[in-house]
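structure-v9.csv follows; it contains CSV, C-alpha atoms.
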```csv
chain,number,residue,atom,x,y,z
A,26,MET,CA,-11.8,-12.6,-21.9
A,27,GLU,CA,-13.9,-12.8,-18.8
A,28,PHE,CA,-13.5,-10.2,-16.1
A,29,ASN,CA,-13.6,-11.5,-12.5
A,30,PRO,CA,-12.7,-8.9,-10.0
A,31,PRO,CA,-11.7,-9.8,-6.4
A,32,LEU,CA,-15.0,-9.0,-4.9
A,33,SER,CA,-16.7,-10.2,-1.7
A,34,ASP,CA,-20.4,-11.0,-1.5
A,35,GLY,CA,-20.5,-9.0,1.6
A,36,LEU,CA,-20.0,-5.7,-0.3
A,37,ILE,CA,-22.7,-6.6,-2.8
A,38,ARG,CA,-25.1,-7.6,0.0
A,39,ALA,CA,-24.5,-4.4,1.9
A,40,ILE,CA,-25.1,-2.2,-1.1
A,41,GLU,CA,-28.1,-4.3,-2.1
A,42,ARG,CA,-29.6,-3.8,1.4
A,43,ASP,CA,-29.1,0.0,1.2
A,44,LEU,CA,-30.6,0.1,-2.3
A,45,ALA,CA,-33.7,-1.8,-1.3
A,46,GLY,CA,-34.2,0.7,1.5
A,47,LEU,CA,-33.8,3.6,-1.0
A,48,MET,CA,-36.2,2.1,-3.4
A,49,ASP,CA,-39.0,1.3,-0.9
A,50,GLY,CA,-38.7,4.8,0.7
A,51,SER,CA,-37.9,3.4,4.1
A,52,ARG,CA,-34.7,5.4,4.3
A,53,GLY,CA,-36.4,8.7,3.4
A,54,LYS,CA,-33.5,9.6,1.1
A,55,LYS,CA,-33.1,10.4,-2.6
A,56,ALA,CA,-29.5,9.3,-3.2
A,57,LEU,CA,-26.8,7.1,-1.7
A,58,VAL,CA,-23.1,7.9,-2.3
A,59,TYR,CA,-20.4,5.3,-1.6
A,60,TYR,CA,-16.8,6.6,-1.4
A,61,ALA,CA,-13.4,5.2,-2.4
A,62,ALA,CA,-11.1,3.7,0.1
A,63,PRO,CA,-9.6,6.2,2.6
A,64,GLY,CA,-7.0,8.4,1.0
A,65,ARG,CA,-8.3,7.8,-2.5
A,66,GLU,CA,-10.7,10.0,-4.5
A,67,GLY,CA,-13.7,8.7,-6.3
A,68,TYR,CA,-17.2,7.5,-5.6
A,69,VAL,CA,-20.3,5.7,-7.0
A,70,GLN,CA,-23.8,6.9,-6.3
A,71,CYS,CA,-27.3,5.9,-6.9
A,72,LEU,CA,-29.9,8.6,-7.6
A,73,TRP,CA,-33.6,7.6,-7.2
A,74,GLY,CA,-36.2,9.2,-9.5
A,75,TRP,CA,-39.7,9.8,-8.4
A,76,ASP,CA,-40.9,7.7,-11.4
A,77,GLY,CA,-39.1,4.7,-9.9
A,78,SER,CA,-36.1,4.9,-12.2
A,79,VAL,CA,-32.5,4.9,-10.9
A,80,THR,CA,-29.4,6.5,-12.3
A,81,VAL,CA,-26.1,5.0,-11.1
A,82,GLU,CA,-23.0,7.1,-11.5
A,83,ALA,CA,-19.2,6.7,-11.1
A,84,THR,CA,-17.1,9.8,-10.7
A,85,SER,CA,-15.3,11.1,-13.8
A,86,ASP,CA,-12.1,13.2,-14.1
A,87,HIS,CA,-14.3,16.2,-14.4
A,88,PHE,CA,-14.9,16.1,-10.6
A,89,LEU,CA,-11.4,15.1,-9.6
A,90,ASP,CA,-8.3,17.3,-8.9
A,91,ALA,CA,-5.4,16.9,-11.3
A,92,GLN,CA,-3.5,14.7,-8.9
A,93,ASP,CA,-6.5,12.4,-8.5
A,94,ARG,CA,-7.3,11.9,-12.2
A,95,LEU,CA,-8.3,8.3,-13.1
A,96,SER,CA,-5.4,6.2,-14.3
A,97,VAL,CA,-5.3,4.3,-17.6
A,98,SER,CA,-5.9,1.2,-15.6
A,99,GLN,CA,-8.9,2.7,-13.9
A,100,LEU,CA,-10.4,3.9,-17.2
A,101,ALA,CA,-9.9,0.4,-18.7
A,102,SER,CA,-11.7,-1.1,-15.7
A,103,LEU,CA,-14.6,1.3,-16.1
A,104,ALA,CA,-14.9,0.2,-19.7
A,105,ARG,CA,-14.7,-3.5,-18.8
A,106,LEU,CA,-17.5,-3.0,-16.3
A,107,GLY,CA,-19.7,-1.5,-19.0
A,108,TRP,CA,-19.7,2.2,-18.0
A,109,GLY,CA,-19.0,3.5,-21.5
A,110,LYS,CA,-17.9,7.2,-21.9
A,111,ALA,CA,-18.6,9.8,-19.3
A,112,ARG,CA,-21.3,12.3,-20.3
A,113,PRO,CA,-19.8,15.8,-21.1
A,114,PHE,CA,-19.0,17.6,-17.8
A,115,GLU,CA,-20.7,14.8,-15.9
A,116,ASN,CA,-20.0,11.4,-14.4
A,117,TYR,CA,-20.1,8.0,-16.0
A,118,ALA,CA,-23.8,7.0,-15.8
A,119,ARG,CA,-26.1,4.0,-16.2
A,120,ASP,CA,-29.9,4.4,-16.2
A,121,TYR,CA,-32.4,1.8,-15.1
A,122,ASP,CA,-36.1,1.9,-15.5
A,123,GLU,CA,-38.6,0.4,-13.1
A,124,PRO,CA,-38.5,-2.3,-12.0
A,125,VAL,CA,-34.9,-1.7,-11.1
A,126,PRO,CA,-32.7,-4.8,-11.0
A,127,ILE,CA,-31.4,-4.1,-7.5
A,128,HIS,CA,-28.9,-7.0,-7.5
A,129,GLU,CA,-27.5,-6.0,-10.8
A,130,VAL,CA,-27.1,-2.4,-9.7
A,131,ALA,CA,-25.5,-3.4,-6.4
A,132,GLU,CA,-23.1,-5.7,-8.2
A,133,LEU,CA,-22.1,-2.9,-10.6
A,134,MET,CA,-21.6,-0.4,-7.8
A,135,ALA,CA,-19.6,-2.9,-5.7
A,136,MET,CA,-17.4,-4.0,-8.6
A,137,THR,CA,-16.7,-0.4,-9.5
A,138,LEU,CA,-15.9,0.5,-5.9
A,139,CYS,CA,-13.5,-2.5,-5.5
A,140,VAL,CA,-11.8,-2.6,-8.9
A,141,VAL,CA,-11.7,1.1,-9.9
A,142,PHE,CA,-11.5,2.8,-6.5
A,143,GLY,CA,-10.0,0.3,-4.2
A,144,GLN,CA,-12.9,-0.1,-1.7
A,145,CYS,CA,-13.5,-3.8,-1.4
A,146,ASP,CA,-14.5,-4.1,2.2
A,147,ALA,CA,-18.1,-3.9,3.3
A,148,GLU,CA,-17.0,-3.3,6.9
A,149,SER,CA,-15.3,0.0,6.2
A,150,LEU,CA,-17.7,1.2,3.5
A,151,ALA,CA,-18.2,5.0,3.7
A,152,ILE,CA,-21.6,6.2,2.7
A,153,ASP,CA,-23.6,9.4,2.5
A,154,GLU,CA,-27.4,9.4,2.3
A,155,ILE,CA,-28.8,12.5,0.6
A,156,ASP,CA,-32.3,14.0,1.0
```
This structure in structure tokens:
Amino acid sequence: MEFNPPLSDGLIRAIERDLAGLMDGSRGKKALVYYAAPGREGYVQCLWGWDGSVTVEATSDHFLDAQDRLSVSQLASLARLGWGKARPFENYARDYDEPVPIHEVAELMAMTLCVVFGQCDAESLAIDEID
């Protein structure tokens, strides 16, 4: 069964643009964090390594309050998107070596934000940039 979430290209392009700036150092940051839709918990983040590698993470129940735990549907969506199991006491994570496939990473982050956490709109994307 193919999995086709209701995702706009605008969200992927916005994340791809941010990631390109993170990778080339023009943003002067080490991590980007994108948050779930307002009123919902959860996030995806991209952590840049000095060796050019990237770790992409999606929040796990370990970091959520009891009332905000991921639903069975959200967990199933994470699995369909290829996240696998969360690391013990950590987030779900995917590691990418250099050269990082920016479009693939942006697509994964965008699909996770939209399908799992309800943030499908690039215009209202909430982001933190971390030094």
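Counting only C-alpha atoms, Gly107 of chain A has the following residues at most 12 Å away, ignoring those fewer than 4 positions along the same chain: Phe28, Glu82, Ala83, Leu100, Ala101, Ser102, Leu103, Ala111, Tyr117, Ala118, Arg119, Val130, Leu133, Met134, Met136 and Thr137 of chain A.
Every protein, DNA or RNA residue with an atom at most 12 Å from Leu36 of chain A, where all atoms listed in the file count and chain neighbours fewer than 3 positions away do not, is listed here: Pro31, Leu32, Ser33, Ala39, Ile40, Glu41, Arg42, Asp43, Tyr59, His128, Ala131, Glu132, Leu133, Met134, Ala135, Met136, Thr137, Leu138, Cys139, Gln144, Cys145, Asp146, Ala147, Glu148, Ser149, Leu150 and Ala151 of chain A.
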If you keep C-alpha atoms, can you produce a file of those selected residues as a compact mmCIF listing (two decimals), keeping the file's coordinate frame?
```txt
# COMPACT_ATOMS: atom_id res chain seq x y z
CA PRO A 31 -11.70 -9.80 -6.40
CA LEU A 32 -15.00 -9.00 -4.90
CA SER A 33 -16.70 -10.20 -1.70
CA ALA A 39 -24.50 -4.40 1.90
CA ILE A 40 -25.10 -2.20 -1.10
CA GLU A 41 -28.10 -4.30 -2.10
CA ARG A 42 -29.60 -3.80 1.40
CA ASP A 43 -29.10 0.00 1.20
CA TYR A 59 -20.40 5.30 -1.60
CA HIS A 128 -28.90 -7.00 -7.50
CA ALA A 131 -25.50 -3.40 -6.40
CA GLU A 132 -23.10 -5.70 -8.20
CA LEU A 133 -22.10 -2.90 -10.60
CA MET A 134 -21.60 -0.40 -7.80
CA ALA A 135 -19.60 -2.90 -5.70
CA MET A 136 -17.40 -4.00 -8.60
CA THR A 137 -16.70 -0.40 -9.50
CA LEU A 138 -15.90 0.50 -5.90
CA CYS A 139 -13.50 -2.50 -5.50
CA GLN A 144 -12.90 -0.10 -1.70
CA CYS A 145 -13.50 -3.80 -1.40
CA ASP A 146 -14.50 -4.10 2.20
CA ALA A 147 -18.10 -3.90 3.30
CA GLU A 148 -17.00 -3.30 6.90
CA SER A 149 -15.30 0.00 6.20
CA LEU A 150 -17.70 1.20 3.50
CA ALA A 151 -18.20 5.00 3.70
```
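Atom CA of Glu154 of chain A is positioned 6.5 Å from atom CA of Val58 of chain A.
Shortest separation to Asp86 of chain A among A:Pro63, A:Asp153, A:Gln99, A:Ala104 occurs at residue A:Gln99, atoms counted being all atoms listed in the file.
In terms of minimum interatomic distance to Gly77 of chain A, A:Met48 ranks closest within A:Val140, A:Arg94, A:Leu106, A:Met48, counting only C-alpha atoms.
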**Counting all atoms listed in the file, the option among A:Ile37, A:Phe142, A:Glu115, A:Ala45 closest to Val79 of chain A** = A:Ala45
